[in-house]
Amino acid sequence: MKWVVNRAGIKEELDIKKIREKLIKACDNLEVNMIELESHIDAIYQEGITTKKIQETLITQAVAMVSFEESDWTYVAGRLLMMETEREVFHKRGFSYGKFLQTVRELVDKKIYDSRLGDYSDKEIEELGKYIAPDRDMMYDYAGANMLVNRYLIKYLGNTYELPQEVFMCIAMLLAINEKNRVEIAKKFYDALSLKKISLATPILANLRIPKGNLSSCFITAIDDNIESIFYNIDTIAKISKNGGGVGVNISRIRAKNSMVNGYYNASGGVVPWIRIINDTAVAVNQQGRRAGAVTVALDTWHLDIEKFLELQTENGDQRTKAYDIYPQVVVSDIFMKRVEKDEMWTLVDPYEIRMKYNLELCELYGVEFEKIYLQIENDETLTLKKRIRARELFKEIMKVQIETGMPYIFFKDRANRMNHNNHIGMIGNGNLCMESFSNFAPSKNYTEEENNGSGVRKVDLGMVHTCNLVSMNLAEIERDELEDITGIAVRILDNTIDLTETPILESDRHNSNYRTIGVGTMGLADFMAKEFMIYEESLDEIDRLYEEIALYTVKASALLAKERGAYPYFKNSMWDRGVFFQKDRVWYEENSQFADKWNEVFNLVKEYGLRNGELSAVAPNTSTSLLMGATASVNPTFSRFFIEKNQKGAVPRVVKYLKDRAWFYPEFKNVDAQTYVKMMSRIGKWITQGVSMELLFDLNKNIRAKDIYDTFLTAWKEGCKSVYYIRTIQKNTNIAKDKEECESCSG
């Protein structure tokens with residue numbers, strides 16, 4: 001007789017039958033030989049071993065058996081982990097699935113769950129509890145199960161205290177709490193989430209059911225050229241980072257090095273000292289203890305400090321001018337790119353001197369208006385701080401630093417603002433931390449401090465901080481005929497999220513209220529293409545139509561919400577209001593679109609009811625949450641069809657969804673022609689109201705020349721891309737992509 005020690009520390013007989021039942025469930029409908037795994041039980045047994053240790057060893061063994069030929073073992077490992085998690089939760093709290101009412105009431109009482117869940121009646125919770133489908137836990141491979149269990153399930157007193165399907169139902173309940181028929185809507189939300197058709201961004205998935213959790217992913221603020229604005233924004237960055245958001249900061253208004261301060265020339269230290277304070281703030285104020293804050297700092301290419309800005313993260317030079325923990329971003333205009341293409345001269349100027357002489361902020365201009373004033377400035381011989389350089393040499397320096405560090409990001413400002421549906425009320429200065437989310441924003445101004453009965457009262461005219469909530473539709477799991485329904489659910493989820501979130505700053509609340517910005521994105525495009533047997537290089541037109549269709553459904557869903565709830569406050573005189581969608585009027589769609597009749601219906605809806613959301617879509621990188629969903633990340637080709645990721649906690653198999661029968665319809669990113677990839681991203685991007693986290697990958701083992709990289713960037717600009725995220729390089733003689741860690745906030 002074999003003996004083991006259970007969780008209570010009591011010896012009991014080893015129940016081979018019970019273990020075998022779990023193995024049968026774990027291997028059900030998978031192409032694996034269960035006997036191979038079962039045979040390891042005797043090998044790992046030793047008297048006094050704990051039942052938990054046996055389960056963990058079987059999971060580890062299943063992971064070790066994953067191979068290109070037998071990839072289903074990753075699902076066996078995932079299922080075993082889910083079963084072990086359920087067992088652990090049962091032992092720690094005394095009950096498992098089947099007692100949802102008790103789960104909600106107890107976790108609300110313990111202040112683990114948001115008290116708003118208590119607004120549901122016992123009858124409603126009982127009905128929703130019966131709707132929960134525990135078998136959906138079995139849909140996860142090991143990478144997804146491991147992430148869900150270890151990163152997202154709430155811990156209480158150091159122990160896992162909730163189950164995966166409870167997570168999805170509680171989130172669905174909160175998302176639906178203000179709906180008239182909230183139980184039925186909650187069921188729809190639950191199905192979309194638990195069946196992995198919609199992936200929530202990390203702030204929503206991690207925070208929605210906990211008290212006072214921030215749900216917004218992306219924030220962008222701007223700093224004015226005065227000490228009050230600088231430190232007010234340092235405080236803003238700290239508050240956002242504390243609440244887990246990713247921050248974008250525009251610093252193009254700050255005067256250049258050697259500019260005038262209080263009437264003295266050569267007194268300004270330029271932008272670098274302030275960037276170093278931003279850098280240290282991001283490190284000091286971590287994201288709820290999980291990781292350091294994440295901030296991208298943006299500067300326009302005309303700024304006199306641009307050359308020093310490009311040296312922020314390089315290894316050479318004075319270490320006192322470095323900032324290794326921020327993410328630099330260069331804001332690029334069309335006129336600059338034209339000068340690069342023609343190898344012409346470019347002029348760098350000081351924003352303070354321009355402001356004093358011309359009474360304008362150069363960074364607030366774009367397009368024709370910017371070009372007109374910029375040409376005038378270039379010809380102004382009275383300017384004190386001015387430098388002429390070759391535009392192409394500056395661009396080469398940008399590229400050189402990108403290959404070395406993966407950054408700076410690139411933001412094509414004119415393209416983004418031409419496609420800005422809300423350019424009647426503001427402008428977009430730069431992109432967010434992952435370069436997919438951006439809308440109008442402006443700095444707060446006029447800081448005053450007064451005494452009131454012995455108390456100091458500070459006042460400020462509030463600006464706008466771009467704020468966006470994100471989800472991604474999982475194309476790996478969505479059939480074409482359900483695309484409209486899932487898109488509608490995604491839009492509704494995000495619009496409801498705006499009313500549920502507690503943003504960390506007032507300027508963010510203003511932006512949420514006036515623009516109601518949402519970002520519906522997609523992941524699993526590579527899986528979708530493999531499922532449909534699509535060849536990457538030959539599918540540009542098909543993907544163009546797919547994203548036009550998604551755009552159509554997002555606009556329709558938001559218009560129907562406007563009918564139900566009202567249009568966003570800044571709708572009047574927007575491009576939406578003027579009947580221009582994605583830079584195209586109704587006539588264009590009638591003459592050119594495959595979906596002309598559907599577009600006609602949508603134009604009528606928007607004309608009659610307006611639009612609920614000022615921005616609708618953004619394609620995030622979702623590098624981490626795509627693992628949770630068992631899908632390829634974002635809209636990128638897969639990095640590898642199959643590989644084992646090793647880290648301090650062990651090995652995690654990474655397997656594409658359709659590896660067994662469609663492996664060769666997954667081109668690996670390093671083998672995709674960069675020009676074709678950029679054109680694919682531009683086809684997608686023209687149907688996205690915000691942006692696409694477009695990464696570029698260059699395999700340095702191949703005969704890659706500097707001109708190839710240069711041509712890729714030029715193509716990105718000419719094809720109308722709005723931004724470029726990371727530059728990843730595969731180093732010579734390796735298969736490892738070099739880059740920085742991604743922003744977790746946007747990873748939905």
# chains A, B, ... in the order shown; residues from 1 in each chain; ligands from 1

$ select_by_dssp --residues "segment 275-359 of chain A" --states "helix (DSSP H, G or I)" --output "PyMOL selection string"
chain A and resi 275-284+306-309+319-321+334-342+351-358

$ write_last_selection --atoms "N, CA and C atoms" --output "mmCIF file, in the first residue's frame"
data_model
loop_
_atom_site.group_PDB
_atom_site.id
_atom_site.type_symbol
_atom_site.label_atom_id
_atom_site.label_comp_id
_atom_site.auth_asym_id
_atom_site.auth_seq_id
_atom_site.Cartn_x
_atom_site.Cartn_y
_atom_site.Cartn_z
ATOM 1 N N ILE A 275 13.799 65.238 -18.004
ATOM 2 C CA ILE A 275 13.563 63.833 -18.367
ATOM 3 C C ILE A 275 14.132 62.906 -17.299
ATOM 4 N N ARG A 276 15.282 63.277 -16.744
ATOM 5 C CA ARG A 276 15.887 62.445 -15.695
ATOM 6 C C ARG A 276 15.000 62.395 -14.442
ATOM 7 N N ILE A 277 14.313 63.483 -14.139
ATOM 8 C CA ILE A 277 13.378 63.476 -13.008
ATOM 9 C C ILE A 277 12.175 62.593 -13.322
ATOM 10 N N ILE A 278 11.689 62.670 -14.567
ATOM 11 C CA ILE A 278 10.597 61.788 -14.997
ATOM 12 C C ILE A 278 11.037 60.329 -14.885
ATOM 13 N N ASN A 279 12.252 60.054 -15.341
ATOM 14 C CA ASN A 279 12.818 58.709 -15.281
ATOM 15 C C ASN A 279 12.820 58.190 -13.830
ATOM 16 N N ASP A 280 13.318 58.995 -12.907
ATOM 17 C CA ASP A 280 13.414 58.564 -11.512
ATOM 18 C C ASP A 280 12.038 58.422 -10.871
ATOM 19 N N THR A 281 11.081 59.236 -11.308
ATOM 20 C CA THR A 281 9.711 59.112 -10.808
ATOM 21 C C THR A 281 9.102 57.779 -11.233
ATOM 22 N N ALA A 282 9.345 57.413 -12.486
ATOM 23 C CA ALA A 282 8.823 56.128 -12.985
ATOM 24 C C ALA A 282 9.396 54.959 -12.200
ATOM 25 N N VAL A 283 10.652 55.046 -11.815
ATOM 26 C CA VAL A 283 11.286 53.973 -11.042
ATOM 27 C C VAL A 283 10.766 53.952 -9.609
ATOM 28 N N ALA A 284 10.628 55.141 -9.014
ATOM 29 C CA ALA A 284 10.264 55.234 -7.602
ATOM 30 C C ALA A 284 8.808 54.852 -7.340
ATOM 31 N N ILE A 306 17.050 67.884 -29.747
ATOM 32 C CA ILE A 306 16.745 66.560 -30.286
ATOM 33 C C ILE A 306 17.979 65.648 -30.325
ATOM 34 N N GLU A 307 19.145 66.202 -30.610
ATOM 35 C CA GLU A 307 20.346 65.364 -30.699
ATOM 36 C C GLU A 307 20.725 64.800 -29.330
ATOM 37 N N LYS A 308 20.635 65.625 -28.287
ATOM 38 C CA LYS A 308 20.889 65.141 -26.925
ATOM 39 C C LYS A 308 19.824 64.136 -26.504
ATOM 40 N N PHE A 309 18.609 64.359 -26.952
ATOM 41 C CA PHE A 309 17.493 63.458 -26.654
ATOM 42 C C PHE A 309 17.776 62.054 -27.176
ATOM 43 N N GLN A 319 27.209 59.884 -18.293
ATOM 44 C CA GLN A 319 26.131 59.120 -17.664
ATOM 45 C C GLN A 319 25.145 60.017 -16.926
ATOM 46 N N ARG A 320 25.558 61.246 -16.615
ATOM 47 C CA ARG A 320 24.648 62.173 -15.945
ATOM 48 C C ARG A 320 23.553 62.688 -16.874
ATOM 49 N N THR A 321 23.682 62.411 -18.170
ATOM 50 C CA THR A 321 22.662 62.842 -19.133
ATOM 51 C C THR A 321 21.824 61.671 -19.636
ATOM 52 N N ASP A 334 5.562 65.674 -41.779
ATOM 53 C CA ASP A 334 5.727 65.343 -43.202
ATOM 54 C C ASP A 334 6.865 66.136 -43.832
ATOM 55 N N ILE A 335 6.986 67.420 -43.463
ATOM 56 C CA ILE A 335 8.040 68.239 -44.071
ATOM 57 C C ILE A 335 9.425 67.704 -43.694
ATOM 58 N N PHE A 336 9.557 67.184 -42.493
ATOM 59 C CA PHE A 336 10.835 66.585 -42.109
ATOM 60 C C PHE A 336 11.127 65.358 -42.970
ATOM 61 N N MET A 337 10.132 64.501 -43.162
ATOM 62 C CA MET A 337 10.346 63.288 -43.953
ATOM 63 C C MET A 337 10.643 63.627 -45.413
ATOM 64 N N LYS A 338 10.036 64.692 -45.925
ATOM 65 C CA LYS A 338 10.340 65.130 -47.292
ATOM 66 C C LYS A 338 11.794 65.596 -47.392
ATOM 67 N N ARG A 339 12.245 66.293 -46.358
ATOM 68 C CA ARG A 339 13.640 66.747 -46.343
ATOM 69 C C ARG A 339 14.593 65.545 -46.253
ATOM 70 N N VAL A 340 14.194 64.541 -45.479
ATOM 71 C CA VAL A 340 15.009 63.320 -45.370
ATOM 72 C C VAL A 340 15.120 62.653 -46.736
ATOM 73 N N GLU A 341 13.987 62.517 -47.397
ATOM 74 C CA GLU A 341 13.949 61.840 -48.694
ATOM 75 C C GLU A 341 14.797 62.575 -49.723
ATOM 76 N N LYS A 342 14.773 63.904 -49.682
ATOM 77 C CA LYS A 342 15.511 64.706 -50.666
ATOM 78 C C LYS A 342 16.915 65.075 -50.194
ATOM 79 N N PRO A 351 11.848 76.299 -28.592
ATOM 80 C CA PRO A 351 10.413 76.626 -28.518
ATOM 81 C C PRO A 351 10.128 77.900 -27.725
ATOM 82 N N TYR A 352 10.979 78.202 -26.727
ATOM 83 C CA TYR A 352 10.764 79.423 -25.929
ATOM 84 C C TYR A 352 10.952 80.671 -26.791
ATOM 85 N N GLU A 353 12.024 80.689 -27.579
ATOM 86 C CA GLU A 353 12.286 81.850 -28.431
ATOM 87 C C GLU A 353 11.187 82.015 -29.481
ATOM 88 N N ILE A 354 10.710 80.906 -30.017
ATOM 89 C CA ILE A 354 9.613 80.962 -30.998
ATOM 90 C C ILE A 354 8.344 81.490 -30.333
ATOM 91 N N ARG A 355 8.104 81.054 -29.114
ATOM 92 C CA ARG A 355 6.910 81.491 -28.386
ATOM 93 C C ARG A 355 6.959 82.997 -28.106
ATOM 94 N N MET A 356 8.132 83.475 -27.701
ATOM 95 C CA MET A 356 8.283 84.893 -27.394
ATOM 96 C C MET A 356 8.131 85.770 -28.647
ATOM 97 N N LYS A 357 8.658 85.300 -29.763
ATOM 98 C CA LYS A 357 8.668 86.138 -30.973
ATOM 99 C C LYS A 357 7.390 86.002 -31.800
ATOM 100 N N TYR A 358 6.847 84.768 -31.863
ATOM 101 C CA TYR A 358 5.703 84.530 -32.751
ATOM 102 C C TYR A 358 4.384 84.306 -31.999
#

$ residues_around --residues "segment 499-501 of chain A" --least-positions-apart "5" --cutoff "12 Å" --atoms "only C-alpha atoms" --output "number ranges by chain"
A: 114, 116, 171, 173-179, 203-204, 207-217, 243, 467-469, 492-494, 508-509, 512-513, 516-518

$ closest_residue --among "A:Val149, A:Leu605, A:Val66, A:Val652" --to "Leu81 of chain A" --atoms "only C-alpha atoms"
A:Val149

$ residues_around --residues "Thr715 of chain A" --least-positions-apart "2" --cutoff "8 Å" --atoms "only C-alpha atoms" --output "count of residues only"
9

$ closest_atom_pairs --of "segment 174-220 of chain A" --to "segment 122-141 of chain A" --cutoff "8 Å" --atoms "only C-alpha atoms" --output "JSON lines"
{"residue": "A:Val183", "atom": "CA", "partner": "A:Glu124", "partner_atom": "CA", "distance": 6.7}
{"residue": "A:Lys187", "atom": "CA", "partner": "A:Leu128", "partner_atom": "CA", "distance": 7.2}
{"residue": "A:Ser194", "atom": "CA", "partner": "A:Arg136", "partner_atom": "CA", "distance": 6.7}
{"residue": "A:Leu195", "atom": "CA", "partner": "A:Arg136", "partner_atom": "CA", "distance": 7.0}

$ residues_around --residues "Thr202 of chain A" --least-positions-apart "2" --cutoff "12 Å" --atoms "only C-alpha atoms" --output "MDAnalysis selection string"
chainID A and resid 147:148 151:152 199:200 204:208 213:218 243:246 287 469:472 620 622:626 628 743:748

$ residues_around --residues "segment 92-94 of chain A" --least-positions-apart "2" --cutoff "8 Å" --atoms "only C-alpha atoms" --output "ChimeraX atom specification"
/A:88-90,96,159-161

$ select_by_dssp --residues "segment 219-261 of chain A" --states "strand (DSSP E or B)" --output "list in words"
Phe219, Ile220, Thr221, Ala222, Gly246, Val247, Gly248, Val249, Asn250, Lys257 and Val261 of chain A

$ write_last_selection --atoms "C-alpha atoms" --output "compact mmCIF listing (two decimals), in the first residue's frame"
# COMPACT_ATOMS: atom_id res chain seq x y z
CA PHE A 219 -2.68 58.20 -20.61
CA ILE A 220 -0.93 61.08 -22.43
CA THR A 221 -0.17 64.43 -20.85
CA ALA A 222 1.76 67.53 -21.89
CA GLY A 246 1.16 53.64 -18.92
CA VAL A 247 2.06 57.31 -19.44
CA GLY A 248 2.96 59.40 -22.48
CA VAL A 249 4.50 62.84 -21.85
CA ASN A 250 5.02 65.56 -24.45
CA LYS A 257 19.54 74.05 -23.49
CA VAL A 261 15.58 82.06 -18.08

$ atom_distance --atom1 "atom CA of Leu348 of chain A" --atom2 "atom CA of Leu299 of chain A"
12.0 Å

$ residues_around --residues "Met534 of chain A" --least-positions-apart "6" --cutoff "12 Å" --atoms "only C-alpha atoms" --output "NGL selection string"
:A and (525-528 or 540-543 or 662-667)

$ residues_around --residues "Met345 of chain A" --least-positions-apart "6" --cutoff "10 Å" --atoms "only C-alpha atoms" --output "short mmCIF file (atom, residue, chain, number, x, y, z; two decimals) with C-alpha atoms, in the first residue's frame"
data_model
loop_
_atom_site.label_atom_id
_atom_site.label_comp_id
_atom_site.auth_asym_id
_atom_site.auth_seq_id
_atom_site.Cartn_x
_atom_site.Cartn_y
_atom_site.Cartn_z
CA PHE A 336 10.84 66.58 -42.11
CA ARG A 339 13.64 66.75 -46.34
CA ARG A 388 21.10 73.78 -39.35
CA ILE A 389 21.76 70.07 -39.94
CA ARG A 390 21.08 67.61 -42.72
CA ALA A 391 17.66 66.00 -42.20
CA ARG A 392 18.92 62.64 -43.46
CA GLU A 393 21.84 62.66 -41.02
CA LEU A 394 19.44 63.25 -38.12
#

$ closest_atom_pairs --of "segment 413-517 of chain A" --to "segment 686-690 of chain A" --cutoff "9 Å" --atoms "only C-alpha atoms" --output "tab-separated table"
residue	atom	partner	partner_atom	distance
A:Ala416	CA	A:Gln690	CA	7.7
A:Met419	CA	A:Thr689	CA	7.3
A:Asn420	CA	A:Thr689	CA	7.3
A:His421	CA	A:Thr689	CA	7.6
A:Glu436	CA	A:Gln690	CA	6.3
A:Ser437	CA	A:Gln690	CA	5.5
A:Phe438	CA	A:Gln690	CA	5.8
A:Ser439	CA	A:Gln690	CA	7.1

$ write_last_selection --atoms "N, CA and C atoms" --output "mmCIF file, in the first residue's frame"
data_model
loop_
_atom_site.group_PDB
_atom_site.id
_atom_site.type_symbol
_atom_site.label_atom_id
_atom_site.label_comp_id
_atom_site.auth_asym_id
_atom_site.auth_seq_id
_atom_site.Cartn_x
_atom_site.Cartn_y
_atom_site.Cartn_z
ATOM 1 N N ALA A 416 -1.433 61.233 -38.305
ATOM 2 C CA ALA A 416 -2.345 60.995 -37.186
ATOM 3 C C ALA A 416 -3.395 62.095 -37.081
ATOM 4 N N MET A 419 -6.120 62.118 -39.856
ATOM 5 C CA MET A 419 -7.153 61.104 -39.625
ATOM 6 C C MET A 419 -7.894 61.304 -38.304
ATOM 7 N N ASN A 420 -7.592 62.388 -37.614
ATOM 8 C CA ASN A 420 -8.220 62.666 -36.325
ATOM 9 C C ASN A 420 -9.663 63.121 -36.528
ATOM 10 N N HIS A 421 -10.614 62.294 -36.141
ATOM 11 C CA HIS A 421 -12.021 62.635 -36.327
ATOM 12 C C HIS A 421 -12.457 63.804 -35.447
ATOM 13 N N GLU A 436 -0.206 52.867 -29.880
ATOM 14 C CA GLU A 436 -1.443 52.520 -30.573
ATOM 15 C C GLU A 436 -2.619 53.373 -30.134
ATOM 16 N N SER A 437 -2.471 54.126 -29.050
ATOM 17 C CA SER A 437 -3.605 54.868 -28.505
ATOM 18 C C SER A 437 -3.244 56.342 -28.378
ATOM 19 N N PHE A 438 -4.030 57.201 -29.023
ATOM 20 C CA PHE A 438 -3.789 58.642 -28.939
ATOM 21 C C PHE A 438 -5.023 59.398 -29.406
ATOM 22 N N SER A 439 -5.247 60.516 -28.789
ATOM 23 C CA SER A 439 -6.323 61.432 -29.189
ATOM 24 C C SER A 439 -5.919 62.825 -28.704
#

$ atom_distance --atom1 "atom CA of Lys242 of chain A" --atom2 "atom CA of Val285 of chain A"
5.9 Å

$ decode --residues "segment 200-211 of chain A" --atoms "all heavy atoms" --output "short mmCIF file (atom, residue, chain, number, x, y, z; two decimals), in the first residue's frame"
data_model
loop_
_atom_site.label_atom_id
_atom_site.label_comp_id
_atom_site.auth_asym_id
_atom_site.auth_seq_id
_atom_site.Cartn_x
_atom_site.Cartn_y
_atom_site.Cartn_z
N LEU A 200 -9.50 41.22 -22.33
CA LEU A 200 -9.48 42.50 -21.63
C LEU A 200 -8.04 42.96 -21.42
O LEU A 200 -7.16 42.14 -21.14
CB LEU A 200 -10.15 42.36 -20.26
CG LEU A 200 -11.61 41.91 -20.26
CD1 LEU A 200 -12.05 41.59 -18.84
CD2 LEU A 200 -12.51 42.97 -20.87
N ALA A 201 -7.82 44.26 -21.50
CA ALA A 201 -6.50 44.79 -21.15
C ALA A 201 -6.23 44.52 -19.67
O ALA A 201 -7.15 44.37 -18.87
CB ALA A 201 -6.44 46.29 -21.43
N THR A 202 -4.96 44.47 -19.31
CA THR A 202 -4.56 44.09 -17.95
C THR A 202 -5.25 44.91 -16.86
O THR A 202 -5.71 44.32 -15.87
CB THR A 202 -3.03 44.19 -17.81
OG1 THR A 202 -2.43 43.18 -18.63
CG2 THR A 202 -2.59 43.97 -16.38
N PRO A 203 -5.37 46.25 -16.96
CA PRO A 203 -6.04 46.97 -15.86
C PRO A 203 -7.48 46.51 -15.63
O PRO A 203 -7.92 46.46 -14.48
CB PRO A 203 -5.99 48.43 -16.33
CG PRO A 203 -4.80 48.49 -17.22
CD PRO A 203 -4.79 47.17 -17.95
N ILE A 204 -8.21 46.18 -16.69
CA ILE A 204 -9.59 45.73 -16.51
C ILE A 204 -9.62 44.33 -15.92
O ILE A 204 -10.33 44.05 -14.95
CB ILE A 204 -10.36 45.77 -17.85
CG1 ILE A 204 -10.30 47.16 -18.48
CG2 ILE A 204 -11.82 45.36 -17.63
CD1 ILE A 204 -10.95 47.26 -19.84
N LEU A 205 -8.83 43.44 -16.48
CA LEU A 205 -8.82 42.05 -16.02
C LEU A 205 -8.33 41.94 -14.58
O LEU A 205 -8.84 41.16 -13.79
CB LEU A 205 -7.95 41.20 -16.95
CG LEU A 205 -7.87 39.70 -16.64
CD1 LEU A 205 -9.25 39.06 -16.63
CD2 LEU A 205 -6.98 39.00 -17.67
N ALA A 206 -7.32 42.73 -14.24
CA ALA A 206 -6.74 42.63 -12.90
C ALA A 206 -7.50 43.44 -11.86
O ALA A 206 -7.55 43.04 -10.69
CB ALA A 206 -5.28 43.10 -12.95
N ASN A 207 -8.12 44.56 -12.27
CA ASN A 207 -8.63 45.51 -11.27
C ASN A 207 -10.13 45.64 -11.18
O ASN A 207 -10.62 46.20 -10.19
CB ASN A 207 -8.06 46.91 -11.57
CG ASN A 207 -6.55 46.96 -11.46
OD1 ASN A 207 -5.94 46.15 -10.79
ND2 ASN A 207 -5.95 47.93 -12.13
N LEU A 208 -10.89 45.18 -12.16
CA LEU A 208 -12.31 45.53 -12.18
C LEU A 208 -13.08 45.02 -10.97
O LEU A 208 -13.95 45.70 -10.45
CB LEU A 208 -12.98 45.04 -13.47
CG LEU A 208 -14.46 45.43 -13.62
CD1 LEU A 208 -14.66 46.92 -13.41
CD2 LEU A 208 -14.99 45.05 -14.98
N ARG A 209 -12.77 43.86 -10.46
CA ARG A 209 -13.55 43.32 -9.34
C ARG A 209 -12.99 43.70 -7.98
O ARG A 209 -13.56 43.34 -6.94
CB ARG A 209 -13.68 41.80 -9.46
CG ARG A 209 -12.36 41.08 -9.37
CD ARG A 209 -12.40 39.74 -10.09
NE ARG A 209 -11.13 39.04 -10.01
CZ ARG A 209 -10.06 39.33 -10.74
NH1 ARG A 209 -10.10 40.33 -11.61
NH2 ARG A 209 -8.95 38.64 -10.62
N ILE A 210 -11.82 44.38 -7.94
CA ILE A 210 -11.27 44.80 -6.66
C ILE A 210 -11.71 46.24 -6.36
O ILE A 210 -12.04 46.98 -7.28
CB ILE A 210 -9.73 44.70 -6.63
CG1 ILE A 210 -9.08 45.70 -7.58
CG2 ILE A 210 -9.28 43.28 -6.95
CD1 ILE A 210 -7.57 45.75 -7.49
N PRO A 211 -11.74 46.64 -5.10
CA PRO A 211 -12.22 47.99 -4.77
C PRO A 211 -11.33 49.08 -5.37
O PRO A 211 -10.10 49.01 -5.30
CB PRO A 211 -12.14 48.02 -3.24
CG PRO A 211 -12.19 46.58 -2.82
CD PRO A 211 -11.48 45.83 -3.90
#
